[in-house]
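What follows is a set of notes on a single structure, which appears directly below.
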Amino acid sequence: MSQQIQAVRGMKDILPQETPLWQRVEQTLRDTFSAYGYSEIRLPLAEKTELFQRSIGEVTDIVEKEMYTFEDLNHERLSLRPEGTAGCVRAGIEHGLLHNQIQRLWYMGAMFRHERPQKGRYRQFHQAGIEAFGMEGPDIDGELIAMTARIWKSLGVTSLVLQINSLGTLAARQIYRGHLVEYFNGHREALDEDSQRRLTTNPLRILDSKNPDMRELILAAPQLSEHLDAESLAHFERLKTLLDSAGVLYTVNPRLVRGLDYYSKTVFEWVTDQLGAQGTVCAGGRYDGLIEQLGGKAAPAIGFAIGLERLLSLIESQAGLPAPQPPHLYLLVAGEHAERAGVKLVESLRDALPGLRLVMNCGGGSFKSQFKRADKSGARVALLLGDEELAKNIVGVKFLREERAQQEISMDNLAASLRELIL
RNA sequence: GUGGGCGUAGCUCAGUUGGUUAGAGUCCCAGAUUGUGAUUCUGGUUGUCGUGGGUUCGAGUCCCAUCGUCCACCCCA
């Protein structure tokens, strides 16, 4: 065993038992995105490292220590994408999709972060995301949030709650950040080790500390909401009105801070208490400055990403795995003649009955062992083809899941009979 | 990067204060039933006890190291 090559730490295989749920969730997402008028964009898994440094932020953990970065053979620094927004904006600028235009895009796929794996967190994980460009009002913010709410509804997910906040414009946040640093610097001795480090990296994060010893200090700290610019305040108020109209429940969490540098104004998270420490299933926000920062013509933008492993895990804990789709039919063949006739038969059945799930026994075996495989396959009906059936030009039909007499059906109208029987 | 729990058959797990040849269930194969599954009965296959070292007459069991895994911190979807 020790000699066996194992999967890379934190990179999971998605096994046949789990893929039906993945397919269902992916289909629901595609359908919902499409219903709101969003188009799919497919992006490379790797980008130039600089793209992530310039968008996500130089001093974030993601860029500092979590990226899979390597040097290409021509000495270019590349990174596997740790999130989807940067690549999407890069592609949008590169192909002129964002120049004076409204654009509604979605993507889905694998992301990579070199973190220590734990529940709901993996080194290769999957996100489905939306990016909406060219719309500055809160109406598009509301649309995105309503769309996420609809996705939970379609999937039967009930244990998610919505938290929203406004970070204000970048300028307003810089000013607030100054006040906050000044305040915490005045109480440096009361800060724990993590928060002393955050003071220089991301002081807003201190507000979200889980350390109960710092609770009072945090409660007395300057509030972001008191330092918001008038424009952001109005934007936030209108968003709340829109959410009320759409019937989406929310709580305002003034300590909700997104980790990535590019966010401004609206931020939101859908969280659950059912997944241990990694409770954020979906998170997003507005990033009005990013396009210009990456060299495009300035344009407003907002997006979100859903962590698929977390969403799947939530659905699984609530509803379990969906039933797999077993074959309708399993064909048993005994003898060389029957094998040849069987191949001909299954191909004609596939022609006549599109959508038919039919497994033909391969690998020989006695009727007994073939029946065992038929049963294990989950098929509702076993078809028998042996020398006796060939001689009479019929196929034996045995029901594996119900009390029902075995039948003999003529080869000539087998397709028509099976259509009635099982489809 | 830091801390804690756990590594025994393909899977789920038991294994006594250290004591002979490491077990159960399940799965798989064969037979009971010469062309009939699932149920029942009988028989059979399956192991570097994660890996390396140490203590001991003797280690799955104790010690050290290491790797893997899970959970938590940090951070994030």
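Identifiers in the structure tokens: chain A, B, ... in order shown; residue index from 1 per chain; ligand index from 1 in order shown.
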Tell me as a PyMOL selection string which residues belonging to chain A come within 7 Å of chain B, counting only C-alpha atoms (C1' of nucleotides). chain A and resi 2+61+118+127+280-283+305-307+367-368+371-372+374-375
Take the selection from the previous step and output its residues with C-alpha atoms, as a PDB file, in the first residue's frame.
ATOM      1  CA  SER A   2       2.739   2.411   0.867  1.00  0.00           C
ATOM      2  CA  ASP A  61      -3.128  34.905   1.980  1.00  0.00           C
ATOM      3  CA  GLN A 118     -10.388  20.373   6.209  1.00  0.00           C
ATOM      4  CA  GLN A 127     -16.929  26.969  -8.025  1.00  0.00           C
ATOM      5  CA  THR A 280     -19.913  30.089   3.606  1.00  0.00           C
ATOM      6  CA  VAL A 281     -21.530  28.382   0.633  1.00  0.00           C
ATOM      7  CA  CYS A 282     -21.842  31.397  -1.624  1.00  0.00           C
ATOM      8  CA  ALA A 283     -20.178  34.785  -1.470  1.00  0.00           C
ATOM      9  CA  ALA A 305     -19.136  32.380  -6.494  1.00  0.00           C
ATOM     10  CA  ILE A 306     -20.737  29.245  -5.107  1.00  0.00           C
ATOM     11  CA  GLY A 307     -18.513  26.636  -3.482  1.00  0.00           C
ATOM     12  CA  PHE A 367     -26.612 -17.869 -16.781  1.00  0.00           C
ATOM     13  CA  LYS A 368     -26.390 -17.887 -13.019  1.00  0.00           C
ATOM     14  CA  PHE A 371     -28.218 -13.091 -13.650  1.00  0.00           C
ATOM     15  CA  LYS A 372     -26.188 -11.977 -10.672  1.00  0.00           C
ATOM     16  CA  ALA A 374     -28.071  -8.279 -14.101  1.00  0.00           C
ATOM     17  CA  ASP A 375     -29.421  -7.986 -10.587  1.00  0.00           C
TER      18      ASP A 375
END
If DSSP is run on the backbone, what residues of segment 43-198 of chain A are alpha helix (DSSP H)? A reply as a PyMOL selection string would be ideal. chain A and resi 49-56+61-65+85-94+138-155+170-186+193-198
Go through segment 158-319 of chain A and collect every residue that DSSP, computed from the backbone, puts in strand (DSSP E or B); the answer should be as a ChimeraX atom specification. /A:161-166,251-252,264-271,280-286,301-307
Save out the residues we just selected, C-alpha atoms, as a tab-separated table (two decimals), in the first residue's frame.
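The resulting part_34.tsv:
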chain	number	residue	atom	x	y	z
A	161	VAL	CA	-29.20	32.56	5.52
A	162	LEU	CA	-28.20	35.72	3.70
A	163	GLN	CA	-25.90	38.33	5.19
A	164	ILE	CA	-25.29	41.61	3.44
A	165	ASN	CA	-23.13	44.63	4.05
A	166	SER	CA	-21.67	47.60	2.24
A	251	THR	CA	-29.63	40.29	7.84
A	252	VAL	CA	-27.24	43.20	7.72
A	264	SER	CA	-16.44	47.74	-2.94
A	265	LYS	CA	-19.98	48.71	-1.94
A	266	THR	CA	-22.23	45.63	-1.82
A	267	VAL	CA	-20.91	42.40	-0.34
A	268	PHE	CA	-22.98	39.36	0.60
A	269	GLU	CA	-22.65	35.81	1.86
A	270	TRP	CA	-24.98	32.86	2.15
A	271	VAL	CA	-23.95	30.96	5.27
A	280	THR	CA	-19.91	30.09	3.61
A	281	VAL	CA	-21.53	28.38	0.63
A	282	CYS	CA	-21.84	31.40	-1.62
A	283	ALA	CA	-20.18	34.79	-1.47
A	284	GLY	CA	-19.93	37.77	-3.71
A	285	GLY	CA	-19.83	41.47	-4.06
A	286	ARG	CA	-19.30	44.49	-6.20
A	301	ALA	CA	-19.11	45.01	-12.03
A	302	ILE	CA	-20.50	42.57	-9.51
A	303	GLY	CA	-20.25	38.84	-9.10
A	304	PHE	CA	-20.49	35.87	-6.80
A	305	ALA	CA	-19.14	32.38	-6.49
A	306	ILE	CA	-20.74	29.25	-5.11
A	307	GLY	CA	-18.51	26.64	-3.48
Name all residues at most 12 Å from U45 of chain B (count only C-alpha atoms (C1' of nucleotides); drop same-chain ones fewer than 3 positions away) and give them as a count of residues only. 5
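For Arg173 of chain A, the residues within 10 Å (counting only C-alpha atoms (C1' of nucleotides), excluding itself and residues fewer than 4 positions away along the chain) are Ser166, Leu167, Gly168, Thr169, Arg177, Gly178, His179, Leu204, Leu224, His227, Leu228, Asp229, Ser264 and Lys265 of chain A.
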